[in-house]
Amino acid sequence: MTSADASGAPRVLDAELRLHRGDFELDVHLRVEPGETAALLGPNGAGKSTIVAALAGLLQLEHGVIKLGGRVLDDPAAGIFMSPDQRRIGVVFQDQVLFGHLNALDNVAFGLTSRGMRRTEARERAQAWLDAMDLGDLGHRRPRALSGGQRQRVALARALACEPDLLVADEPLGSLDVTARNRLRRNLAAHLSSGRNGGGSAHAVPLRGAGDVPRLLITHDPADAFVLADRVHILEHGRLTQSGTPDELRRAPATAYAADLSGINLVRGTADSGEITVTPDGGTSSEGGSRRGAVLLHAADSTVRGPVLATIHPRAIALHRERPSGSPRNVWRTTAEAVEPLGDITRVLLGSPLALTADITPGAAHELLIRPGTSLWVSVKATEVELAPDSRD
Amino acid sequence: MTSASASQDANHSDRRSMRRSPQELPPWPVAILAAVGVVLFALPVVGLAARTPWTGLWTHLSSRFVVDAAVLSVVSSVAAAIVAAAVGVPLAWVLARVDFRGRSVVRALVTLPMVLPPVVGGAALLFALGRRGVVGGPLHDATGLLLPYSIWGVILANAFVATPLVILTVEGALRNLDRRYENAAATLGASRLRVLWRVTLPMIGPALGVAVVVAWARALGEFGATVTFAGNLGGRTQTLPLAVFVALEADRDAAVAVSLVLVALSLGLLIALRDRWWPSR
């Protein structure tokens, strides 16, 4: 499986999107490399759906150009507009948008027969995709008879079955409840990054995954973006306000929104009865692993076991000069590594044993006399440590 | 049972065993007027049933006069329903999806037969498509085809009054349809025609089905436009409603018998459709 498209050009998405709808103006330059997962992270109304529509060809650009590999999909200046059915862009829509009048198998086969594949062959391939998504037995079910997570996987299979040159996932986890989100995030991570899914041994039909195409994840949830994406683009009011790796965004958020999103602390570890043994930092510094040895975190949720991803909001971390008394289950001593005033909040980056980000008011920062190197006590209530099964191996 | 209460039962069938809440009971003026309404519609049916010659019913229904009319009615109404769907669905699509100047004028024009007296509609058809009509004249000269006073005229007159029902119902269904399903199909590589055939039409299927059945029922009962445009020629253009009208003078029992069949057919149809009349359900 190569990263080149049919014309031999590398599958790169290079899009300069400029259009307006009413008062809203979109002006975004987006580039996604083959094999890269880029997240487009922004609040509601930032223009995420408009970008999806423009890429998919459901909306025409006013200015700019969309290039995918060697193909020009939209170029108003040159009078080029390729219709959606010609673009070979796999879209996983928000709320899945599965065809209610077709069963899961025919939903997946729809794109294949649309491209002229014969029905029996298309169904065979669709079945292989369902098998790869662990949905092999559910092909006969209509979408309404599937769970949210199952529908999500059918939607992903439907998009991938067409072997698109670009995969766009629009809030793929948006309509799911928290538990399903966490479970599916892991699933999605696996399917997004694998070059082949279920190919080889189990199936006669080799399946090409999305491993070698550019992938764009549209989301308003920082956890999705920071866990799944290699690169995060922050979209506000129709413009990209910042782009970078999750790590870069954490260190130097450019806007209040970015600061709020990128401060989310993600800690990997192994959970058992509400106790999390934090994994010694295995190159996951972007998610704030521990620096040395095993650290124990307490979480209120005692149901999750095994590898977990613990989420701690930076505002949930309290800092003290003296050892705090009271109820917080998680109390430890650390040093402030950096102090960054970000307007309404002051961000404190904490050092070992757990590299975390804490957001406090500038007043509190002043009162605590926090400077780089200041020795501090950290407290986090167990109820503020949210657990999700780990999504990455 | 009125169809309104039938639909209530359908909606609440899963908790039929529960006691009715006071909110479900109508205030007394509503109850009285609703009862008057039921009586108003039930009386004619009762009158018809009371006047029916039950013993000789089959003799009347199997007479040559009735059978000819019934065959013609079935053939022409089915054909009219097909024409109504073939023309009405594309028109509904255009009206629902294409934003063009004069759309409301076009919509008013194509739904005009719903409010026009059918006799006027038939006369207008005659002026347009009759032997000396604006279009009918040249058409006859060129092909020898003459629409009035033929089964083609019956079908055309029926379709004329039935198509607006398809247009309105399907347009409503198309407007209610979530466009994202069609968008999804397009991104999956489906051509616009394939999207229409494989996604749009199946998704509005229930509404489309109702529209066609209602159009068919309307065509079956059509009188005014048919008698004006196609005439009342026994065995050629005399449909069941026309036969009833003629028989009222000549053979009242036969008229009542045929009427009863038409009433039973329509009532059965409406009960079968129940609240599916409105596609937004």
# chains A, B, ... in the order shown; residues from 1 in each chain; ligands from 1

$ closest_atom_pairs --of "chain B" --to "chain A" --cutoff "12 Å" --atoms "only C-alpha atoms" --output "CSV"
residue,atom,partner,partner_atom,distance
B:Asp178,CA,A:Val97,CA,9.3
B:Arg179,CA,A:Val97,CA,9.9
B:Arg180,CA,A:Val97,CA,6.8
B:Tyr181,CA,A:Val97,CA,5.9
B:Glu182,CA,A:Phe99,CA,9.3
B:Asn183,CA,A:Leu58,CA,7.0
B:Ala184,CA,A:Val97,CA,7.1
B:Ala185,CA,A:Gly111,CA,7.4
B:Ala186,CA,A:Asp85,CA,4.8
B:Thr187,CA,A:Asp85,CA,5.1
B:Leu188,CA,A:Gly111,CA,4.5
B:Gly189,CA,A:Asp85,CA,3.8
B:Ala190,CA,A:Ser114,CA,4.8
B:Ser191,CA,A:Asp85,CA,6.2
B:Arg192,CA,A:Asp85,CA,8.4
B:Leu193,CA,A:Ser114,CA,10.7
B:Arg194,CA,A:Ser114,CA,7.6
B:Val195,CA,A:Ser114,CA,9.2
B:Trp197,CA,A:Ser114,CA,11.6
B:Arg198,CA,A:Phe110,CA,9.2
B:Val199,CA,A:Phe99,CA,7.5
B:Thr200,CA,A:Phe99,CA,10.2
B:Leu201,CA,A:His101,CA,10.4
B:Pro202,CA,A:His101,CA,6.9
B:Met203,CA,A:His101,CA,6.8
B:Ile204,CA,A:His101,CA,10.2
B:Gly205,CA,A:His101,CA,9.6
B:Pro206,CA,A:His101,CA,11.2

$ write_last_selection --atoms "N, CA and C atoms" --output "mmCIF file, in the first residue's frame"
data_model
loop_
_atom_site.group_PDB
_atom_site.id
_atom_site.type_symbol
_atom_site.label_atom_id
_atom_site.label_comp_id
_atom_site.auth_asym_id
_atom_site.auth_seq_id
_atom_site.Cartn_x
_atom_site.Cartn_y
_atom_site.Cartn_z
ATOM 1 N N ASP B 178 -34.090 14.502 5.642
ATOM 2 C CA ASP B 178 -32.792 15.011 6.048
ATOM 3 C C ASP B 178 -31.821 14.901 4.866
ATOM 4 N N ARG B 179 -31.363 16.050 4.390
ATOM 5 C CA ARG B 179 -30.524 16.053 3.193
ATOM 6 C C ARG B 179 -29.196 15.338 3.393
ATOM 7 N N ARG B 180 -28.807 15.149 4.628
ATOM 8 C CA ARG B 180 -27.496 14.545 4.874
ATOM 9 C C ARG B 180 -27.406 13.123 4.343
ATOM 10 N N TYR B 181 -28.564 12.432 4.253
ATOM 11 C CA TYR B 181 -28.518 11.071 3.723
ATOM 12 C C TYR B 181 -28.127 11.093 2.246
ATOM 13 N N GLU B 182 -28.683 12.059 1.530
ATOM 14 C CA GLU B 182 -28.326 12.174 0.120
ATOM 15 C C GLU B 182 -26.871 12.631 -0.028
ATOM 16 N N ASN B 183 -26.438 13.527 0.861
ATOM 17 C CA ASN B 183 -25.044 13.960 0.831
ATOM 18 C C ASN B 183 -24.102 12.787 1.088
ATOM 19 N N ALA B 184 -24.475 11.969 2.069
ATOM 20 C CA ALA B 184 -23.642 10.803 2.387
ATOM 21 C C ALA B 184 -23.532 9.896 1.171
ATOM 22 N N ALA B 185 -24.652 9.672 0.512
ATOM 23 C CA ALA B 185 -24.642 8.810 -0.671
ATOM 24 C C ALA B 185 -23.737 9.396 -1.757
ATOM 25 N N ALA B 186 -23.780 10.712 -1.913
ATOM 26 C CA ALA B 186 -22.949 11.354 -2.934
ATOM 27 C C ALA B 186 -21.469 11.178 -2.620
ATOM 28 N N THR B 187 -21.090 11.339 -1.344
ATOM 29 C CA THR B 187 -19.669 11.178 -1.010
ATOM 30 C C THR B 187 -19.234 9.730 -1.204
ATOM 31 N N LEU B 188 -20.191 8.812 -1.200
ATOM 32 C CA LEU B 188 -19.848 7.406 -1.407
ATOM 33 C C LEU B 188 -19.758 7.071 -2.887
ATOM 34 N N GLY B 189 -19.881 8.086 -3.727
ATOM 35 C CA GLY B 189 -19.671 7.868 -5.149
ATOM 36 C C GLY B 189 -20.947 7.657 -5.951
ATOM 37 N N ALA B 190 -22.096 7.873 -5.327
ATOM 38 C CA ALA B 190 -23.347 7.663 -6.050
ATOM 39 C C ALA B 190 -23.656 8.869 -6.936
ATOM 40 N N SER B 191 -24.002 8.603 -8.180
ATOM 41 C CA SER B 191 -24.397 9.686 -9.084
ATOM 42 C C SER B 191 -25.721 10.260 -8.598
ATOM 43 N N ARG B 192 -26.075 11.408 -9.149
ATOM 44 C CA ARG B 192 -27.286 12.062 -8.665
ATOM 45 C C ARG B 192 -28.517 11.206 -8.929
ATOM 46 N N LEU B 193 -28.539 10.522 -10.058
ATOM 47 C CA LEU B 193 -29.673 9.668 -10.383
ATOM 48 C C LEU B 193 -29.743 8.473 -9.429
ATOM 49 N N ARG B 194 -28.554 7.946 -9.094
ATOM 50 C CA ARG B 194 -28.508 6.819 -8.176
ATOM 51 C C ARG B 194 -28.936 7.249 -6.778
ATOM 52 N N VAL B 195 -28.531 8.458 -6.398
ATOM 53 C CA VAL B 195 -28.956 8.978 -5.096
ATOM 54 C C VAL B 195 -30.481 9.056 -5.055
ATOM 55 N N TRP B 197 -32.665 7.382 -6.837
ATOM 56 C CA TRP B 197 -33.284 6.079 -6.956
ATOM 57 C C TRP B 197 -33.053 5.215 -5.727
ATOM 58 N N ARG B 198 -31.842 5.274 -5.177
ATOM 59 C CA ARG B 198 -31.471 4.359 -4.098
ATOM 60 C C ARG B 198 -31.625 4.940 -2.702
ATOM 61 N N VAL B 199 -31.684 6.259 -2.610
ATOM 62 C CA VAL B 199 -31.759 6.858 -1.282
ATOM 63 C C VAL B 199 -33.032 7.703 -1.129
ATOM 64 N N THR B 200 -33.196 8.685 -2.011
ATOM 65 C CA THR B 200 -34.318 9.606 -1.832
ATOM 66 C C THR B 200 -35.667 8.887 -1.895
ATOM 67 N N LEU B 201 -35.889 8.164 -2.986
ATOM 68 C CA LEU B 201 -37.194 7.517 -3.146
ATOM 69 C C LEU B 201 -37.462 6.457 -2.071
ATOM 70 N N PRO B 202 -36.499 5.582 -1.758
ATOM 71 C CA PRO B 202 -36.777 4.637 -0.666
ATOM 72 C C PRO B 202 -37.078 5.340 0.658
ATOM 73 N N MET B 203 -36.389 6.458 0.896
ATOM 74 C CA MET B 203 -36.585 7.114 2.182
ATOM 75 C C MET B 203 -37.943 7.800 2.286
ATOM 76 N N ILE B 204 -38.466 8.285 1.137
ATOM 77 C CA ILE B 204 -39.805 8.867 1.199
ATOM 78 C C ILE B 204 -40.848 7.826 0.806
ATOM 79 N N GLY B 205 -40.423 6.570 0.741
ATOM 80 C CA GLY B 205 -41.302 5.485 0.310
ATOM 81 C C GLY B 205 -42.689 5.481 0.933
ATOM 82 N N PRO B 206 -42.785 5.545 2.255
ATOM 83 C CA PRO B 206 -44.107 5.508 2.873
ATOM 84 C C PRO B 206 -45.011 6.651 2.387
#

$ residues_around --residues "Asp301 of chain A" --least-positions-apart "2" --cutoff "9 Å" --atoms "only C-alpha atoms" --output "PyMOL selection string"
chain A and resi 273-274+298-299+303-304+382-383+385-387

$ residues_around --residues "Leu19 of chain A" --least-positions-apart "5" --cutoff "9 Å" --atoms "only C-alpha atoms" --output "PyMOL selection string"
chain A and resi 24-27+60-64

$ residues_around --residues "Leu146 of chain B" --least-positions-apart "3" --cutoff "10 Å" --atoms "only C-alpha atoms" --output "ChimeraX atom specification"
/B:129-131,136-137,139-141,143,149-150,152-153

$ select_by_dssp --residues "segment 347-378 of chain A" --states "helix (DSSP H, G or I)" --output "MDAnalysis selection string"
chainID A and resid 362:367

$ write_last_selection --atoms "all heavy atoms" --output "tab-separated table (two decimals), in the first residue's frame"
chain	number	residue	atom	x	y	z
A	362	PRO	N	-4.70	34.37	38.46
A	362	PRO	CA	-3.47	35.15	38.65
A	362	PRO	C	-3.30	35.58	40.10
A	362	PRO	O	-2.18	35.62	40.62
A	362	PRO	CB	-3.68	36.36	37.73
A	362	PRO	CG	-4.65	35.90	36.69
A	362	PRO	CD	-5.54	34.90	37.39
A	363	GLY	N	-4.44	35.85	40.77
A	363	GLY	CA	-4.38	36.24	42.18
A	363	GLY	C	-3.77	35.15	43.04
A	363	GLY	O	-2.89	35.41	43.87
A	364	ALA	N	-4.24	33.92	42.81
A	364	ALA	CA	-3.73	32.79	43.59
A	364	ALA	C	-2.25	32.58	43.31
A	364	ALA	O	-1.45	32.31	44.21
A	364	ALA	CB	-4.52	31.53	43.25
A	365	ALA	N	-1.88	32.73	42.04
A	365	ALA	CA	-0.48	32.54	41.67
A	365	ALA	C	0.40	33.57	42.40
A	365	ALA	O	1.49	33.26	42.87
A	365	ALA	CB	-0.31	32.68	40.16
A	366	HIS	N	-0.13	34.77	42.49
A	366	HIS	CA	0.60	35.84	43.16
A	366	HIS	C	0.73	35.55	44.65
A	366	HIS	O	1.79	35.68	45.24
A	366	HIS	CB	-0.15	37.16	42.93
A	366	HIS	CG	0.57	38.35	43.47
A	366	HIS	ND1	1.69	38.87	42.86
A	366	HIS	CD2	0.34	39.10	44.57
A	366	HIS	CE1	2.12	39.90	43.56
A	366	HIS	NE2	1.31	40.06	44.61
A	367	GLU	N	-0.37	35.10	45.24
A	367	GLU	CA	-0.41	34.82	46.66
A	367	GLU	C	0.55	33.69	47.04
A	367	GLU	O	1.20	33.74	48.06
A	367	GLU	CB	-1.84	34.40	47.04
A	367	GLU	CG	-2.38	35.10	48.27
A	367	GLU	CD	-3.89	34.94	48.30
A	367	GLU	OE1	-4.33	33.86	48.74
A	367	GLU	OE2	-4.60	35.87	47.86

$ residues_around --residues "segment 311-324 of chain A" --least-positions-apart "3" --cutoff "8 Å" --atoms "only C-alpha atoms" --output "PyMOL selection string"
chain A and resi 263-267+331+356-360+368+375-381+384-387

$ atom_distance --atom1 "atom CA of Ser259 of chain B" --atom2 "atom CA of Ile82 of chain B"
24.7 Å

$ residues_around --residues "segment 116-124 of chain B" --least-positions-apart "5" --cutoff "6 Å" --atoms "only C-alpha atoms" --output "ChimeraX atom specification"
/B:224-225,228-229

$ write_last_selection --atoms "C-alpha atoms" --output "PDB file, in the first residue's frame"
ATOM      1  CA  GLY B 224     -66.837  16.105 -13.220  1.00  0.00           C
ATOM      2  CA  ALA B 225     -63.690  16.358 -15.280  1.00  0.00           C
ATOM      3  CA  THR B 228     -66.895  16.927 -19.356  1.00  0.00           C
ATOM      4  CA  PHE B 229     -63.735  15.885 -21.156  1.00  0.00           C
TER       5      PHE B 229
END

$ atom_distance --atom1 "atom CA of Ala128 of chain A" --atom2 "atom CA of Leu146 of chain A"
18.2 Å
